[in-house]
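J.: Below is one structure. I have some questions about it.
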Amino acid sequence: MGAMTPPAADLNSRVIQLNAEYARALDDGNFEAWPEFFLEDGLYKLTTADNHAQGMEAGVIYADSRNMMRDRVSALRVANIYERQRYRHIVGMPLVPAEEGGTLGSEAAFIVVRIMRDGTMEVFATGRYLDRVEEDAEGRLRFRERIVVCDSNRFDTLVAIPL
Amino acid sequence: MGAMTPPAADLNSRVIQLNAEYARALDDGNFEAWPEFFLEDGLYKLTTADNHAQGMEAGVIYADSRNMMRDRVSALRVANIYERQRYRHIVGMPLVPAEEGGTLGSEAAFIVVRIMRDGTMEVFATGRYLDRVEEDAEGRLRFRERIVVCDSNRFDTLVAIPL
Amino acid sequence: MGAMTPPAADLNSRVIQLNAEYARALDDGNFEAWPEFFLEDGLYKLTTADNHAQGMEAGVIYADSRNMMRDRVSALRVANIYERQRYRHIVGMPLVPAEEGGTLGSEAAFIVVRIMRDGTMEVFATGRYLDRVEEDAEGRLRFRERIVVCDSNRFDTLVAIPL
């Protein structure tokens, strides 16, 4: 199969791949993999569009290291909430504007559908990822920062899974 | 227009293209084109995430050749069900991990919205495509296997269109 | 960071980028940027799948120059309707079939979710973009024509924002 050469691993493709793998891990319920998408001292913040526009630093969810993220996942596993429903992310094409001092900015729209145990489906969240991406020592792309800006101001307070 | 050179036809792009063409054919109601996306002895299976996780082989819909798929399309045309509504697929970026013996694995998330004749829209299905893709004798990419794993366990039994 | 070379700017990637930037501008409420995605005498038309299939020329929204689009945006700003809700576009992979006389055809599926001030979210529109894309004198890709074919025949008449 001569024509089936390996896909080109340009930077754009790698950012797309990173987004797709992140979404898959969450939708598979593989939360333990979630902190690994970040640098050791990476930042994850989930906030609302209104808060973000007003420059408010506080997020609905905030973790500034892999360890904090791991704690969060452990709490999730104990609470056992996540098993009641499924989620499905669809992520739009990332806009990868420019590298700046070894960090790459990236932005992508997303929609998350929630699927309840009874089969009903609804739009659960929409928004955009504002990312800063870097290569770690092994050359793997990871998030220096992922800010999840949700369009809606209403959150189902029972749900604490990462988006 | 010197800068408008033809797009690079690397393998990743071709898998993306295959996914986009498949979705368009279905959303256009061009079901007759559907079997052509598969190899002659290709497999199409639609199943649920729960069934898939339990390793159950049986699917909600199952066809292991183009001929079976054509029969299915003929039955659809007779039943005439498909005309009452439209569907719109949005497919996420495919994850194309690795080639294995001339077959390429690929996975992509999807969401399908159903649009009723009265204009109402709802999330109809979400899930992921688990694909094995090969080149046929003419070098065109086709599905050796497309397993549609739906997140929800509930199916509108009246709807028998392929997803 | 030697591996982080700039992304390849092939034509496919540029069409993807154009789609992503267009969606972002609208979802950011940056309507003033909207006409700039078109050539000076570009065409924007929003129509329904039924009308489009019947070859009807008239659209629900029609503008055949940047100036008409600017007028439309001014009217929107006066009406002030747009502030009551947010929108989120997710655009599927564009199918970029072939260049024809310096113009590139492109087609992409989309879904738009509307987020109300009270936090409720719903599928607002689905459909596909039928585009003809050209480079302007500066080599930037712009729409010669963007026809928005909505799947549903029902429109919220209060909403006049571009899709």
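Letters A, B, ... go to the chains of the structure tokens in the order shown; residues in each chain start at 1; ligands are counted from 1 in the same order.
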If you run DSSP over the backbone, which residues in chain C end up strand (DSSP E)? Put them as a PyMOL selection string.
T.: chain C and resi 38-48+61-63+85-91+99-100+103-116+121-135+141-150
J.: Starting from chain B, keep only residues with some atom at most 8 Å from an atom of chain A, counting only C-alpha atoms, and report them as number ranges by chain.
T.: B: 10-12, 90-95, 102, 109-111, 123-127, 135, 139, 151-154
J.: For the residues in that selection, give me N, CA, C and O atoms as a JSON list (two decimals), in the first residue's frame.
T.:
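To be explicit, this is the file written out as part21.json:
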```
[["chain", "number", "residue", "atom", "x", "y", "z"],
["B", 10, "ASP", "N", -2.28, 13.83, 1.90],
["B", 10, "ASP", "CA", -1.71, 12.87, 2.83],
["B", 10, "ASP", "C", -2.83, 12.03, 3.42],
["B", 10, "ASP", "O", -4.03, 12.32, 3.25],
["B", 11, "LEU", "N", -2.44, 11.00, 4.11],
["B", 11, "LEU", "CA", -3.40, 10.00, 4.55],
["B", 11, "LEU", "C", -4.42, 10.56, 5.54],
["B", 11, "LEU", "O", -5.61, 10.26, 5.48],
["B", 12, "ASN", "N", -3.95, 11.39, 6.45],
["B", 12, "ASN", "CA", -4.85, 12.02, 7.40],
["B", 12, "ASN", "C", -5.95, 12.80, 6.68],
["B", 12, "ASN", "O", -7.13, 12.69, 7.00],
["B", 90, "ILE", "N", -22.45, 16.00, 12.26],
["B", 90, "ILE", "CA", -21.19, 16.73, 12.45],
["B", 90, "ILE", "C", -20.20, 15.71, 13.00],
["B", 90, "ILE", "O", -20.46, 15.07, 14.02],
["B", 91, "VAL", "N", -19.10, 15.56, 12.30],
["B", 91, "VAL", "CA", -18.10, 14.56, 12.67],
["B", 91, "VAL", "C", -16.85, 15.26, 13.18],
["B", 91, "VAL", "O", -16.37, 16.21, 12.55],
["B", 92, "GLY", "N", -16.37, 14.82, 14.32],
["B", 92, "GLY", "CA", -15.15, 15.40, 14.88],
["B", 92, "GLY", "C", -13.92, 14.92, 14.12],
["B", 92, "GLY", "O", -13.99, 14.06, 13.24],
["B", 93, "MET", "N", -12.79, 15.51, 14.49],
["B", 93, "MET", "CA", -11.54, 15.13, 13.86],
["B", 93, "MET", "C", -11.24, 13.66, 14.08],
["B", 93, "MET", "O", -11.27, 13.20, 15.22],
["B", 94, "PRO", "N", -10.94, 12.90, 13.04],
["B", 94, "PRO", "CA", -10.58, 11.50, 13.26],
["B", 94, "PRO", "C", -9.22, 11.34, 13.91],
["B", 94, "PRO", "O", -8.29, 12.08, 13.63],
["B", 95, "LEU", "N", -9.16, 10.39, 14.81],
["B", 95, "LEU", "CA", -7.88, 9.95, 15.37],
["B", 95, "LEU", "C", -7.39, 8.78, 14.53],
["B", 95, "LEU", "O", -8.06, 7.76, 14.45],
["B", 102, "GLY", "N", -1.71, -3.12, 6.34],
["B", 102, "GLY", "CA", -2.43, -2.56, 5.20],
["B", 102, "GLY", "C", -3.78, -1.98, 5.56],
["B", 102, "GLY", "O", -4.47, -1.46, 4.70],
["B", 109, "ALA", "N", -15.59, 11.00, 16.71],
["B", 109, "ALA", "CA", -16.85, 11.28, 17.39],
["B", 109, "ALA", "C", -17.84, 11.88, 16.40],
["B", 109, "ALA", "O", -17.46, 12.51, 15.43],
["B", 110, "PHE", "N", -19.13, 11.66, 16.67],
["B", 110, "PHE", "CA", -20.14, 12.29, 15.82],
["B", 110, "PHE", "C", -21.34, 12.71, 16.64],
["B", 110, "PHE", "O", -21.59, 12.21, 17.75],
["B", 111, "ILE", "N", -22.07, 13.64, 16.07],
["B", 111, "ILE", "CA", -23.38, 14.03, 16.59],
["B", 111, "ILE", "C", -24.30, 14.14, 15.39],
["B", 111, "ILE", "O", -23.89, 14.62, 14.34],
["B", 123, "VAL", "N", -31.20, 16.63, 19.16],
["B", 123, "VAL", "CA", -30.06, 15.73, 19.07],
["B", 123, "VAL", "C", -30.62, 14.32, 18.92],
["B", 123, "VAL", "O", -31.37, 13.85, 19.78],
["B", 124, "PHE", "N", -30.28, 13.68, 17.83],
["B", 124, "PHE", "CA", -30.85, 12.37, 17.52],
["B", 124, "PHE", "C", -29.92, 11.25, 17.96],
["B", 124, "PHE", "O", -30.35, 10.22, 18.46],
["B", 125, "ALA", "N", -28.64, 11.44, 17.77],
["B", 125, "ALA", "CA", -27.67, 10.41, 18.13],
["B", 125, "ALA", "C", -26.30, 11.05, 18.34],
["B", 125, "ALA", "O", -25.97, 12.06, 17.73],
["B", 126, "THR", "N", -25.55, 10.45, 19.24],
["B", 126, "THR", "CA", -24.14, 10.80, 19.41],
["B", 126, "THR", "C", -23.37, 9.50, 19.56],
["B", 126, "THR", "O", -23.95, 8.47, 19.89],
["B", 127, "GLY", "N", -22.10, 9.56, 19.33],
["B", 127, "GLY", "CA", -21.29, 8.36, 19.48],
["B", 127, "GLY", "C", -19.97, 8.50, 18.78],
["B", 127, "GLY", "O", -19.46, 9.60, 18.61],
["B", 135, "GLU", "N", -7.31, 0.85, 1.17],
["B", 135, "GLU", "CA", -7.40, 1.25, -0.23],
["B", 135, "GLU", "C", -7.91, 0.07, -1.04],
["B", 135, "GLU", "O", -7.51, -1.07, -0.85],
["B", 139, "GLY", "N", -7.13, 2.30, -5.53],
["B", 139, "GLY", "CA", -6.46, 3.26, -4.66],
["B", 139, "GLY", "C", -7.41, 4.19, -3.93],
["B", 139, "GLY", "O", -6.98, 5.12, -3.26],
["B", 151, "ASP", "N", -23.98, 6.37, 21.84],
["B", 151, "ASP", "CA", -23.91, 6.57, 23.29],
["B", 151, "ASP", "C", -25.20, 6.17, 23.99],
["B", 151, "ASP", "O", -25.18, 5.69, 25.12],
["B", 152, "SER", "N", -26.31, 6.41, 23.33],
["B", 152, "SER", "CA", -27.60, 6.15, 23.96],
["B", 152, "SER", "C", -28.04, 4.73, 23.66],
["B", 152, "SER", "O", -27.73, 4.16, 22.62],
["B", 153, "ASN", "N", -28.79, 4.15, 24.59],
["B", 153, "ASN", "CA", -29.32, 2.81, 24.39],
["B", 153, "ASN", "C", -30.71, 2.82, 23.77],
["B", 153, "ASN", "O", -31.27, 1.78, 23.46],
["B", 154, "ARG", "N", -31.26, 4.00, 23.63],
["B", 154, "ARG", "CA", -32.61, 4.09, 23.11],
["B", 154, "ARG", "C", -32.59, 4.43, 21.63],
["B", 154, "ARG", "O", -31.91, 5.36, 21.21]]
```
J.: Between B:Ile147, B:Ala160, B:Leu104, B:Ala33, single out the one closest to Ala58 (chain B), counting only C-alpha atoms.
T.: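 When distances to Ala58 (chain B) are compared using only C-alpha atoms, the smallest one comes from B:Ile147.
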J.: Do you have the CA of Ala63 (chain C)-CA of Ala25 (chain C) distance handy?
T.: 18.2 Å
J.: Please list as a list in words every residue within 7 Å of Gly105 (chain A), counting only C-alpha atoms and excluding residues in the same chain fewer than 3 positions away.
T.: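 These residues fall inside the cut-off: Val96, Pro97, Ala98, Glu99, Asp131, Arg132 and Val133 of chain A.
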J.: If you keep N, CA and C atoms, can you produce a file of those selected residues as a tab-separated table (two decimals), in the first residue's frame?
T.:
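As a result, result-v5.tsv now contains:
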```tsv
chain	number	residue	atom	x	y	z
A	96	VAL	N	-4.94	28.19	15.27
A	96	VAL	CA	-3.59	28.19	15.85
A	96	VAL	C	-2.86	29.41	15.31
A	97	PRO	N	-2.98	30.53	16.02
A	97	PRO	CA	-2.53	31.78	15.42
A	97	PRO	C	-1.02	31.93	15.33
A	98	ALA	N	-0.30	31.77	16.43
A	98	ALA	CA	1.11	32.15	16.37
A	98	ALA	C	1.82	31.61	17.60
A	99	GLU	N	3.07	31.25	17.38
A	99	GLU	CA	3.92	30.84	18.49
A	99	GLU	C	4.48	32.08	19.15
A	131	ASP	N	-6.29	27.91	24.69
A	131	ASP	CA	-5.18	27.06	25.10
A	131	ASP	C	-3.83	27.71	24.87
A	132	ARG	N	-2.90	27.32	25.74
A	132	ARG	CA	-1.48	27.55	25.47
A	132	ARG	C	-0.81	26.19	25.55
A	133	VAL	N	-0.16	25.85	24.45
A	133	VAL	CA	0.36	24.50	24.27
A	133	VAL	C	1.87	24.55	24.18
```
J.: Within 12 Å of Ile161 (chain A), counting only C-alpha atoms, which residues qualify if same-chain residues fewer than 6 places away don't, as a PyMOL selection string?
T.: chain A and resi 25-27+29-32+34+46+60-61+69+72-77+79-87+112+114+155
J.: Figure out the distance between CA of Leu163 (chain B) and CA of His52 (chain B), please, to one decimal in Å.
T.: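 Calculated distance between CA of His52 (chain B) and CA of Leu163 (chain B) is 16.4 Å.
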